[in-house]
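Engineer: My file is input.pdb. It has PDB, C-alpha atoms:
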MODEL        1
ATOM      1  CA  MET A   5       0.067  22.165  -6.560  1.00  0.00           C
ATOM      2  CA  SER A   6       3.676  21.064  -6.979  1.00  0.00           C
ATOM      3  CA  LYS A   7       4.910  17.521  -6.488  1.00  0.00           C
ATOM      4  CA  LYS A   8       6.693  18.614  -3.313  1.00  0.00           C
ATOM      5  CA  GLN A   9       3.443  20.073  -1.914  1.00  0.00           C
ATOM      6  CA  VAL A  10       1.564  16.875  -2.755  1.00  0.00           C
ATOM      7  CA  GLU A  11       4.261  14.777  -1.094  1.00  0.00           C
ATOM      8  CA  SER A  12       4.131  16.939   2.020  1.00  0.00           C
ATOM      9  CA  ILE A  13       0.345  16.584   2.235  1.00  0.00           C
ATOM     10  CA  LEU A  14      -0.005  12.894   1.389  1.00  0.00           C
ATOM     11  CA  THR A  15       2.158  10.006   2.435  1.00  0.00           C
ATOM     12  CA  GLN A  16       2.863   7.336  -0.158  1.00  0.00           C
ATOM     13  CA  LYS A  17       0.288   5.058   1.496  1.00  0.00           C
ATOM     14  CA  GLU A  18      -2.337   7.816   1.445  1.00  0.00           C
ATOM     15  CA  ALA A  19      -1.611   8.573  -2.204  1.00  0.00           C
ATOM     16  CA  GLN A  20      -1.969   4.893  -3.088  1.00  0.00           C
ATOM     17  CA  ALA A  21      -5.239   4.698  -1.122  1.00  0.00           C
ATOM     18  CA  LEU A  22      -6.590   7.753  -2.979  1.00  0.00           C
ATOM     19  CA  TRP A  23      -5.600   6.205  -6.315  1.00  0.00           C
ATOM     20  CA  ARG A  24      -7.215   2.858  -5.434  1.00  0.00           C
ATOM     21  CA  ALA A  25     -10.432   4.546  -4.266  1.00  0.00           C
ATOM     22  CA  ALA A  26     -10.731   6.488  -7.528  1.00  0.00           C
ATOM     23  CA  PHE A  27      -9.928   3.365  -9.534  1.00  0.00           C
ATOM     24  CA  ARG A  28     -12.694   1.414  -7.727  1.00  0.00           C
ATOM     25  CA  LEU A  29     -15.123   4.281  -8.252  1.00  0.00           C
ATOM     26  CA  LEU A  30     -14.502   4.292 -11.992  1.00  0.00           C
ATOM     27  CA  LYS A  31     -15.000   0.543 -12.107  1.00  0.00           C
ATOM     28  CA  ASN A  32     -18.345   1.059 -10.290  1.00  0.00           C
ATOM     29  CA  TRP A  33     -19.245   3.455 -13.093  1.00  0.00           C
ATOM     30  CA  GLU A  34     -18.656   0.406 -15.345  1.00  0.00           C
ATOM     31  CA  LEU A  35     -15.962   2.104 -17.392  1.00  0.00           C
ATOM     32  CA  SER A  36     -13.598   0.208 -19.638  1.00  0.00           C
ATOM     33  CA  ASP A  37      -9.911  -0.003 -18.754  1.00  0.00           C
ATOM     34  CA  THR A  38      -9.210   2.526 -21.502  1.00  0.00           C
ATOM     35  CA  GLU A  39     -11.787   4.974 -20.119  1.00  0.00           C
ATOM     36  CA  VAL A  40     -10.306   4.588 -16.628  1.00  0.00           C
ATOM     37  CA  ARG A  41      -6.797   5.313 -17.939  1.00  0.00           C
ATOM     38  CA  VAL A  42      -8.046   8.382 -19.842  1.00  0.00           C
ATOM     39  CA  LEU A  43      -9.847   9.817 -16.808  1.00  0.00           C
ATOM     40  CA  LEU A  44      -6.984   9.149 -14.408  1.00  0.00           C
ATOM     41  CA  GLY A  45      -4.407  10.251 -16.971  1.00  0.00           C
ATOM     42  CA  GLY A  46      -2.065   7.322 -16.449  1.00  0.00           C
ATOM     43  CA  ASP A  47      -0.403   4.841 -18.701  1.00  0.00           C
ATOM     44  CA  GLU A  48      -0.855   1.096 -18.675  1.00  0.00           C
ATOM     45  CA  ILE A  49       2.332   0.480 -16.674  1.00  0.00           C
ATOM     46  CA  ALA A  50       1.148   2.764 -13.850  1.00  0.00           C
ATOM     47  CA  PHE A  51      -2.116   0.868 -13.628  1.00  0.00           C
ATOM     48  CA  ARG A  52      -0.424  -2.503 -13.387  1.00  0.00           C
ATOM     49  CA  ASN A  53       1.784  -1.484 -10.489  1.00  0.00           C
ATOM     50  CA  GLU A  54      -0.383  -0.541  -7.505  1.00  0.00           C
ATOM     51  CA  GLN A  55       2.708  -0.266  -5.311  1.00  0.00           C
ATOM     52  CA  GLN A  56       4.023   2.628  -7.390  1.00  0.00           C
ATOM     53  CA  CYS A  57       3.169   6.025  -5.959  1.00  0.00           C
ATOM     54  CA  PRO A  58       0.800   7.804  -8.365  1.00  0.00           C
ATOM     55  CA  ASN A  59       2.071  11.025  -9.916  1.00  0.00           C
ATOM     56  CA  GLU A  60       0.671  14.470  -9.119  1.00  0.00           C
ATOM     57  CA  ASP A  61      -1.635  14.556 -12.150  1.00  0.00           C
ATOM     58  CA  ILE A  62      -3.247  11.224 -11.246  1.00  0.00           C
ATOM     59  CA  LEU A  63      -3.715  12.360  -7.635  1.00  0.00           C
ATOM     60  CA  VAL A  64      -5.389  15.622  -8.679  1.00  0.00           C
ATOM     61  CA  ARG A  65      -7.699  13.728 -11.032  1.00  0.00           C
ATOM     62  CA  ALA A  66      -8.458  11.105  -8.366  1.00  0.00           C
ATOM     63  CA  HIS A  67      -9.309  13.813  -5.837  1.00  0.00           C
ATOM     64  CA  LEU A  68     -11.652  15.581  -8.281  1.00  0.00           C
ATOM     65  CA  LEU A  69     -13.334  12.329  -9.333  1.00  0.00           C
ATOM     66  CA  LEU A  70     -14.010  11.406  -5.727  1.00  0.00           C
ATOM     67  CA  GLY A  71     -15.480  14.887  -5.294  1.00  0.00           C
ATOM     68  CA  ILE A  72     -17.831  14.115  -8.199  1.00  0.00           C
ATOM     69  CA  TYR A  73     -18.809  10.878  -6.490  1.00  0.00           C
ATOM     70  CA  LYS A  74     -19.582  12.780  -3.289  1.00  0.00           C
ATOM     71  CA  GLN A  75     -21.756  15.284  -5.149  1.00  0.00           C
ATOM     72  CA  LEU A  76     -23.599  12.496  -6.981  1.00  0.00           C
ATOM     73  CA  ARG A  77     -24.314  10.769  -3.652  1.00  0.00           C
ATOM     74  CA  VAL A  78     -25.900  13.984  -2.376  1.00  0.00           C
ATOM     75  CA  LEU A  79     -27.932  14.404  -5.562  1.00  0.00           C
ATOM     76  CA  PHE A  80     -29.060  10.779  -5.915  1.00  0.00           C
ATOM     77  CA  VAL A  81     -30.130   8.658  -2.951  1.00  0.00           C
ATOM     78  CA  ASP A  82     -29.723   5.526  -5.083  1.00  0.00           C
ATOM     79  CA  LYS A  83     -26.022   5.412  -5.947  1.00  0.00           C
ATOM     80  CA  SER A  84     -26.660   3.340  -9.078  1.00  0.00           C
ATOM     81  CA  ARG A  85     -28.575   6.334 -10.513  1.00  0.00           C
ATOM     82  CA  GLY A  86     -25.490   8.456  -9.939  1.00  0.00           C
ATOM     83  CA  TYR A  87     -23.340   5.865 -11.661  1.00  0.00           C
ATOM     84  CA  GLN A  88     -25.730   5.890 -14.626  1.00  0.00           C
ATOM     85  CA  TRP A  89     -25.898   9.703 -14.744  1.00  0.00           C
ATOM     86  CA  VAL A  90     -22.229   9.875 -15.677  1.00  0.00           C
ATOM     87  CA  LYS A  91     -22.920   8.158 -19.024  1.00  0.00           C
ATOM     88  CA  LYS A  92     -26.237   9.797 -19.916  1.00  0.00           C
ATOM     89  CA  PRO A  93     -26.354  12.641 -22.469  1.00  0.00           C
ATOM     90  CA  ASN A  94     -26.983  15.968 -20.784  1.00  0.00           C
ATOM     91  CA  GLN A  95     -28.302  19.101 -22.466  1.00  0.00           C
ATOM     92  CA  THR A  96     -26.229  21.239 -20.103  1.00  0.00           C
ATOM     93  CA  PHE A  97     -23.115  19.809 -21.758  1.00  0.00           C
ATOM     94  CA  GLY A  98     -24.384  20.237 -25.317  1.00  0.00           C
ATOM     95  CA  GLY A  99     -25.797  16.723 -25.433  1.00  0.00           C
ATOM     96  CA  LEU A 100     -22.576  15.111 -24.250  1.00  0.00           C
ATOM     97  CA  SER A 101     -22.470  12.896 -21.192  1.00  0.00           C
ATOM     98  CA  ALA A 102     -20.415  13.898 -18.177  1.00  0.00           C
ATOM     99  CA  LEU A 103     -18.044  11.055 -19.099  1.00  0.00           C
ATOM    100  CA  GLU A 104     -17.537  12.472 -22.588  1.00  0.00           C
ATOM    101  CA  VAL A 105     -16.869  15.947 -21.191  1.00  0.00           C
ATOM    102  CA  MET A 106     -14.290  14.544 -18.766  1.00  0.00           C
ATOM    103  CA  GLU A 107     -12.617  12.406 -21.428  1.00  0.00           C
ATOM    104  CA  GLN A 108     -12.450  15.201 -23.996  1.00  0.00           C
ATOM    105  CA  ARG A 109     -11.353  18.015 -21.683  1.00  0.00           C
ATOM    106  CA  GLY A 110      -9.178  16.182 -19.177  1.00  0.00           C
ATOM    107  CA  VAL A 111      -8.684  17.838 -15.791  1.00  0.00           C
ATOM    108  CA  GLU A 112     -10.643  20.924 -16.892  1.00  0.00           C
ATOM    109  CA  GLY A 113     -13.584  18.714 -17.877  1.00  0.00           C
ATOM    110  CA  ILE A 114     -13.457  16.795 -14.602  1.00  0.00           C
ATOM    111  CA  LEU A 115     -13.410  20.097 -12.716  1.00  0.00           C
ATOM    112  CA  GLN A 116     -16.307  21.400 -14.850  1.00  0.00           C
ATOM    113  CA  ILE A 117     -18.448  18.385 -13.954  1.00  0.00           C
ATOM    114  CA  LYS A 118     -17.572  18.668 -10.261  1.00  0.00           C
ATOM    115  CA  GLU A 119     -18.432  22.386 -10.193  1.00  0.00           C
ATOM    116  CA  TYR A 120     -21.691  21.749 -12.079  1.00  0.00           C
ATOM    117  CA  LEU A 121     -22.743  19.141  -9.512  1.00  0.00           C
ATOM    118  CA  GLU A 122     -21.742  21.386  -6.603  1.00  0.00           C
ATOM    119  CA  ALA A 123     -23.919  24.153  -8.055  1.00  0.00           C
ATOM    120  CA  GLU A 124     -26.833  21.732  -8.527  1.00  0.00           C
ATOM    121  CA  ASN A 125     -26.537  20.606  -4.925  1.00  0.00           C
ATOM    122  CA  ALA A 126     -26.364  24.201  -3.674  1.00  0.00           C
ATOM    123  CA  ASN A 127     -29.804  24.923  -5.143  1.00  0.00           C
TER     124      ASN A 127
ENDMDL
END
Please render this file's structure as structure tokens.
Structural biologist:
Amino acid sequence: MSKKQVESILTQKEAQALWRAAFRLLKNWELSDTEVRVLLGGDEIAFRNEQQCPNEDILVRAHLLLGIYKQLRVLFVDKSRGYQWVKKPNQTFGGLSALEVMEQRGVEGILQIKEYLEAENAN
């Protein structure tokens, strides 16, 4: 999706709301500031200025991360179990946690986790 397509789909306010929602989600997962920046793909300056419109990469990551949250809520009635799942080692990912997969593989890793959870929920 190009920047122009993103801008035509989301207003600046909507983009900021998406960014803030993903940021809050990652804080609920009890991630460090560094882990949050890695997952959202931003730099420290972007995270200090909430009024700045997030770039396309951050918006894609935010959208995917919120999709993971949605899938975890379907899988786990108790949302704290979903928050904990993200950090637990998982044999499906070669003993890595979902967080480690997402950190190491970036957008592809985030998408991998989202697709894994969608498949689990489809069964």
Engineer: Kindly resolve the PyMOL selection byres ((chain A and resi 22) around 12) on the present coordinates and return the residues as a ChimeraX atom specification.
Structural biologist: /A:14-21,23-29,44,54,57-60,62-71
Engineer: For CA of Asn32 in chain A and CA of Gln75 in chain A, determine how far apart the two atoms are, in Å to one decimal place.
Structural biologist: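 Computed distance, CA of Asn32 in chain A to CA of Gln75 in chain A, equals 15.5 Å.
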Engineer: Applied to the shown file, which residues does the PyMOL selection byres ((chain A and resi 87) around 10) return, written as a PyMOL selection string?
Structural biologist: chain A and resi 29-34+73+76-77+80+82-86+88-92
Engineer: Could you list, as a list of chain:residue names, every residue within 12 Å of Arg109 in chain A, counting only C-alpha atoms and ignoring same-chain residues fewer than 4 positions away?
Structural biologist: A:Val42, A:Leu43, A:Gly45, A:Phe97, A:Leu100, A:Ala102, A:Leu103, A:Glu104, A:Val105, A:Gly113, A:Ile114, A:Leu115, A:Gln116, A:Ile117
Engineer: Please measure the separation of CA of Asn125 in chain A and CA of Val78 in chain A, giving the value in Å to one decimal.
Structural biologist: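 About the pair CA of Asn125 in chain A and CA of Val78 in chain A: they are 7.1 Å apart.
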Engineer: Write range 13-25 of chain A as a compact mmCIF listing (two decimals), in the frame of the given file, completed to N, CA and C atoms.
Structural biologist:
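Saved the output as part-v9.txt:
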# COMPACT_ATOMS: atom_id res chain seq x y z
N ILE A 13 1.72 16.74 1.77
CA ILE A 13 0.34 16.58 2.24
C ILE A 13 -0.02 15.11 2.38
N LEU A 14 0.36 14.31 1.40
CA LEU A 14 0.00 12.89 1.39
C LEU A 14 1.22 12.01 1.55
N THR A 15 1.11 11.01 2.39
CA THR A 15 2.16 10.01 2.44
C THR A 15 1.98 9.10 1.22
N GLN A 16 2.96 8.26 0.97
CA GLN A 16 2.86 7.34 -0.16
C GLN A 16 1.66 6.41 0.02
N LYS A 17 1.44 5.93 1.24
CA LYS A 17 0.29 5.06 1.50
C LYS A 17 -1.03 5.78 1.24
N GLU A 18 -1.12 7.04 1.67
CA GLU A 18 -2.34 7.82 1.44
C GLU A 18 -2.57 8.05 -0.04
N ALA A 19 -1.50 8.36 -0.76
CA ALA A 19 -1.61 8.57 -2.20
C ALA A 19 -2.09 7.30 -2.90
N GLN A 20 -1.54 6.16 -2.50
CA GLN A 20 -1.97 4.89 -3.09
C GLN A 20 -3.43 4.60 -2.74
N ALA A 21 -3.85 4.92 -1.52
CA ALA A 21 -5.24 4.70 -1.12
C ALA A 21 -6.18 5.59 -1.94
N LEU A 22 -5.80 6.83 -2.17
CA LEU A 22 -6.59 7.75 -2.98
C LEU A 22 -6.72 7.21 -4.40
N TRP A 23 -5.61 6.77 -4.95
CA TRP A 23 -5.60 6.20 -6.32
C TRP A 23 -6.51 4.98 -6.39
N ARG A 24 -6.39 4.08 -5.42
CA ARG A 24 -7.22 2.86 -5.43
C ARG A 24 -8.70 3.19 -5.29
N ALA A 25 -9.03 4.16 -4.45
CA ALA A 25 -10.43 4.55 -4.27
C ALA A 25 -11.01 5.10 -5.57
